[in-house]
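Peer 1: The structure is given below, and queries will be raised subsequently.
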Amino acid sequence: MDWSVVWHYRAAILEGLVYTIAISLLAMIGSFVLGTLLGCLRMTHQSVLNEAINAYIEIVRNIPLIVKLFFLYYIAGLDAFPSGLLALVIHQSGYIADVITAGFRSVGAEQAEAGYTLGLARWQSFLYGLLPQVTRITLPPLTSQFIEVIKNSAVVMFVGVQELTFATQEISQMTLRSFEAATVATVIYGGLALAVAGGMNRIGRRLDWA
Amino acid sequence: MAVLLAGAWLVRDWRWSVVWQASPFLLRGLGVSWELAMLSAAIGLASGTLLAAARLYGHPMIRRTAAAYIEVIRSIPQIMIIFWIFFSVPPLTGTVMNAWPAALIALSIIASAYLAEVVRAGLLSVPRVHRESAYAAGLGGTTTFVHVILPQALRNMLPALIAHIVMIFKVTSLVYLIGLVDFFRATMLVNNRDYAPYPLYLTMALVYFFCNFFLSALIRWFDPKYTLSA
């Protein structure tokens with residue numbers, strides 16, 4: 001074992017890490033916004049809209065991420081980074097929409113009705129009554145969804161985005177030190193997952209206090 | 001711009017004959033995907049059950065080891081695990097790994113960690129009193145686990161189990177990386193030879209969709225109220 005290769009190629013690893021963090025963060029934000037939008041729209045009980053969203057979720061969940069990625073890259077002809085980002089956003093939004101819907105279901109319609117009886121408008125009841133409760137309930141499953149985004153971000157190496165997995169594979173192919181390279185990547189991914197879990201935990205505590 | 005778009009639309013070729021001619025090859029790839037998914041799900045379920053039992057009822061050392069294994073596997077990308085098994089472990093052990101066993105081992109490891117959590121949730125869903133009453137009836141630890149806890153847990157976790165098998169089926173597409181000709185790689189190879197991406201990619205998406213839709217339809221059949229959250 002020769003760990004000096006890790007230090008020698010630190011710049012490449014760091015660059016890969018930056019790409020991983022950038023694409024994961026953007027994909028988290030994008031899939032959260034899109035997933036929440038879909039999850040909330042499903043709560044409006046418009047049957048046509050509901051059917052459309054259900055179909056979207058079903059399609060998104062049943063097709064592997066790599067297939068979506070290749071579609072966006074080779075057929076839609078996007079660049080590597082945008083196609084990777086879009087694939088991650090589309091992929092995770094299907095799961096996050098279900099998390100949000102489940103959150104709303106668990107809070108229950110009577111909470112909204114209680115808001116109406118207090119004389120709150122529909123949006124007030126939603127904003128002050130439902131949303132804080134839903135946020136608190138959905139936080140743990142959202143955490144695992146966000147960790148899922150980081151893990152899935154490794155797939156974008158297939159179209160040539162030079163993220164962490166790509167970088168460490170390059171290193172292992174150049175130096176034939178695949179054990180060291182894979183260990184570094186594994187440790188970093190574990191650290192990123194812990195960081196997300198820790199961050200979400202902090203947000204959760206902030207919410208409990210409020 | 002409009003002219004360009006219209007031109008692009010016309011130039012696209014929809015040679016479905018390519019898909020038709022290559023269908024035996026594609027079907028063989030699909031067979032590999034199914035085989036890989038089902039075998040690794042079976043191995044994963046067996047070892048996942050052991051891991052879950054170890055994590056719940058084991059000696060503190062065993063408990064911690066099982067938990068560490070599960071959490072580490074679940075927190076790193078699936079591609080990394082495939083890389084580990086195919087590229088990083090063989091030099092250490094001085095062996096050469098073929099694509100098929102490497103893919104099977106990697107997917108089984110992935111499946112075991114994810115399914116262990118599914119089984120654990122299932123085991124936790126069985127009320128404590130059932131175990132206590134089994135002990136009170138004079139059953140031993142193993143008998144209680146196999147005949148009292150596990151059957152109930154299996155029934156409770158069935159929807160989540162199938163949801164994870166869908167996940168495993170999707171992950172099989174990643175073995176593309178190590179050169180195994182699964183359905184995904186088969187499609188790519190045909191595309192490299194005949195270059196007809198539109199019909200080929202569309203076929204690929206549809207086939208994956210229907211395979212997984214079939215699996216997730218089973219969930220709804222078992223439990224109509226279940227929403228996927230794997």
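In the structure tokens, chains take letters A, B, ... by order of appearance, with residues numbered from 1 within each chain and ligands from 1 in the order shown.
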Kindly assemble as JSON lines a list of the chain B residues that lie within 8 Å of chain A, each paired with its nearest atom pair and their distance in Å to one decimal, using only C-alpha atoms, sorted first by chain and then by ascending residue number.
Peer 2:
{"residue": "B:Val72", "atom": "CA", "partner": "A:Gly190", "partner_atom": "CA", "distance": 6.9}
{"residue": "B:Ser75", "atom": "CA", "partner": "A:Gly190", "partner_atom": "CA", "distance": 5.7}
{"residue": "B:Ile76", "atom": "CA", "partner": "A:Tyr189", "partner_atom": "CA", "distance": 5.6}
{"residue": "B:Pro77", "atom": "CA", "partner": "A:Lys151", "partner_atom": "CA", "distance": 4.1}
{"residue": "B:Gln78", "atom": "CA", "partner": "A:Lys151", "partner_atom": "CA", "distance": 7.2}
{"residue": "B:Ile79", "atom": "CA", "partner": "A:Ala154", "partner_atom": "CA", "distance": 6.8}
{"residue": "B:Met80", "atom": "CA", "partner": "A:Thr165", "partner_atom": "CA", "distance": 7.1}
{"residue": "B:Phe83", "atom": "CA", "partner": "A:Ala182", "partner_atom": "CA", "distance": 7.7}
{"residue": "B:Trp84", "atom": "CA", "partner": "A:Ala182", "partner_atom": "CA", "distance": 6.6}
{"residue": "B:Phe87", "atom": "CA", "partner": "A:Ser178", "partner_atom": "CA", "distance": 6.6}
{"residue": "B:Ser88", "atom": "CA", "partner": "A:Phe179", "partner_atom": "CA", "distance": 4.7}
{"residue": "B:Val89", "atom": "CA", "partner": "A:Phe179", "partner_atom": "CA", "distance": 7.1}
{"residue": "B:Leu92", "atom": "CA", "partner": "A:Phe179", "partner_atom": "CA", "distance": 7.9}
{"residue": "B:Val166", "atom": "CA", "partner": "A:Asn62", "partner_atom": "CA", "distance": 7.5}
{"residue": "B:Lys170", "atom": "CA", "partner": "A:Pro64", "partner_atom": "CA", "distance": 4.8}
{"residue": "B:Val171", "atom": "CA", "partner": "A:Pro64", "partner_atom": "CA", "distance": 7.1}
{"residue": "B:Ser173", "atom": "CA", "partner": "A:Pro64", "partner_atom": "CA", "distance": 7.0}
{"residue": "B:Leu174", "atom": "CA", "partner": "A:Ile66", "partner_atom": "CA", "distance": 7.4}
{"residue": "B:Pro197", "atom": "CA", "partner": "A:Ile75", "partner_atom": "CA", "distance": 7.2}
{"residue": "B:Tyr198", "atom": "CA", "partner": "A:Ile75", "partner_atom": "CA", "distance": 7.1}
{"residue": "B:Tyr201", "atom": "CA", "partner": "A:Phe71", "partner_atom": "CA", "distance": 7.0}
{"residue": "B:Met204", "atom": "CA", "partner": "A:Val67", "partner_atom": "CA", "distance": 7.8}
{"residue": "B:Ala205", "atom": "CA", "partner": "A:Ile63", "partner_atom": "CA", "distance": 6.3}
{"residue": "B:Tyr208", "atom": "CA", "partner": "A:Ile63", "partner_atom": "CA", "distance": 5.6}
{"residue": "B:Phe209", "atom": "CA", "partner": "A:Asn62", "partner_atom": "CA", "distance": 5.0}
{"residue": "B:Phe210", "atom": "CA", "partner": "A:Asn62", "partner_atom": "CA", "distance": 7.8}
{"residue": "B:Asn212", "atom": "CA", "partner": "A:Asn62", "partner_atom": "CA", "distance": 5.3}
{"residue": "B:Phe213", "atom": "CA", "partner": "A:Asn62", "partner_atom": "CA", "distance": 6.2}
{"residue": "B:Thr227", "atom": "CA", "partner": "A:Asp98", "partner_atom": "CA", "distance": 7.1}
{"residue": "B:Leu228", "atom": "CA", "partner": "A:Asp98", "partner_atom": "CA", "distance": 7.2}
{"residue": "B:Ser229", "atom": "CA", "partner": "A:Tyr95", "partner_atom": "CA", "distance": 6.5}
{"residue": "B:Ala230", "atom": "CA", "partner": "A:Tyr95", "partner_atom": "CA", "distance": 7.8}
Peer 1: Kindly indicate which residue among B:Ala66, B:Ala121, B:Leu206, B:Ala22 lies nearest to Pro159 (chain B), using only C-alpha atoms for the distances.
Peer 2: B:Ala121
Peer 1: Do you have the CA of Val32 (chain B)-CA of Arg220 (chain B) distance handy?
Peer 2: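 Straight-line distance from CA of Val32 (chain B) to CA of Arg220 (chain B) works out to 26.3 Å.
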Peer 1: Could you work out how far CA of Gln92 (chain A) lies from CA of Ala112 (chain A), giving the answer in Å with one decimal?
Peer 2: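 Distance reported for this atom pair: 28.0 Å.
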Peer 1: Considering only C-alpha atoms, return as number ranges by chain whatever protein or nucleic-acid residues lie within 10 Å of Ile105 (chain B), sequence-local ones (same chain, fewer than 5 positions apart) excluded.
Peer 2: B: 36, 40, 43-44, 81-82, 85-86, 99-100, 110-111
Peer 1: Within 9 Å of Met157 (chain B), counting only C-alpha atoms, which residues qualify if same-chain residues fewer than 5 places away don't, as a PyMOL selection string?
Peer 2: chain B and resi 118-119+121-123+125+152+162
Peer 1: May I have the residues from that selection written out with C-alpha atoms, as an mmCIF file, in the first residue's frame?
Peer 2:
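Output file result38.cif follows:
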data_model
loop_
_atom_site.group_PDB
_atom_site.id
_atom_site.type_symbol
_atom_site.label_atom_id
_atom_site.label_comp_id
_atom_site.auth_asym_id
_atom_site.auth_seq_id
_atom_site.Cartn_x
_atom_site.Cartn_y
_atom_site.Cartn_z
ATOM 1 C CA VAL B 118 -36.114 -3.596 5.528
ATOM 2 C CA VAL B 119 -36.027 -6.811 7.568
ATOM 3 C CA ALA B 121 -38.107 -2.619 10.279
ATOM 4 C CA GLY B 122 -40.232 -5.720 9.729
ATOM 5 C CA LEU B 123 -38.865 -7.405 12.846
ATOM 6 C CA SER B 125 -43.045 -4.129 13.668
ATOM 7 C CA GLN B 152 -45.127 -11.978 10.894
ATOM 8 C CA ILE B 162 -40.582 -5.412 -3.328
#
Peer 1: When DSSP works through the backbone of this structure, what residues of region 33-222 of chain B end up as alpha helix (DSSP H), shown as a PyMOL selection string?
Peer 2: chain B and resi 33-57+60-75+78-83+89-93+99-125+128-136+141-143+150-171+183-194+197-222
Peer 1: Skipping near chain neighbours, those fewer than 5 positions away, what residues fall within 8 Å of Tyr116 (chain A) using only C-alpha atoms, listed as a list of chain:residue names?
Peer 2: A:Ala121, A:Arg122, A:Ser125
Peer 1: Could you check which of A:Thr36, A:Asn201, A:Gln46, A:Ser24 is closest to Leu139 (chain A), using only C-alpha atoms?
Peer 2: A:Asn201
Peer 1: Distance CA of Val190 (chain B)-CA of Gly31 (chain B), one decimal place?
Peer 2: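 Those two atoms sit 16.1 Å apart.
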Peer 1: I'd like the neighbourhood of Leu130 (chain A) as an NGL selection string, where a residue qualifies if any of its atoms comes within 8 Å (using only C-alpha atoms), though same-chain residues fewer than 3 positions away should be ignored.
Peer 2: :A and (104 or 107 or 111-112 or 125-127 or 133-134)
Peer 1: Now that the selection is made, can you save its residues with C-alpha atoms as a JSON list (two decimals), in the first residue's frame?
Peer 2:
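Done, and the output landed in again_14.json:
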[["chain", "number", "residue", "atom", "x", "y", "z"],
["A", 104, "PHE", "CA", -49.42, 15.80, 4.32],
["A", 107, "VAL", "CA", -50.83, 15.48, 9.39],
["A", 111, "GLN", "CA", -55.66, 20.15, 11.05],
["A", 112, "ALA", "CA", -56.52, 22.24, 8.01],
["A", 125, "SER", "CA", -54.10, 27.53, 7.33],
["A", 126, "PHE", "CA", -51.68, 25.89, 4.91],
["A", 127, "LEU", "CA", -48.75, 28.16, 5.73],
["A", 133, "GLN", "CA", -45.96, 20.14, 10.94],
["A", 134, "VAL", "CA", -45.31, 18.62, 7.53]]
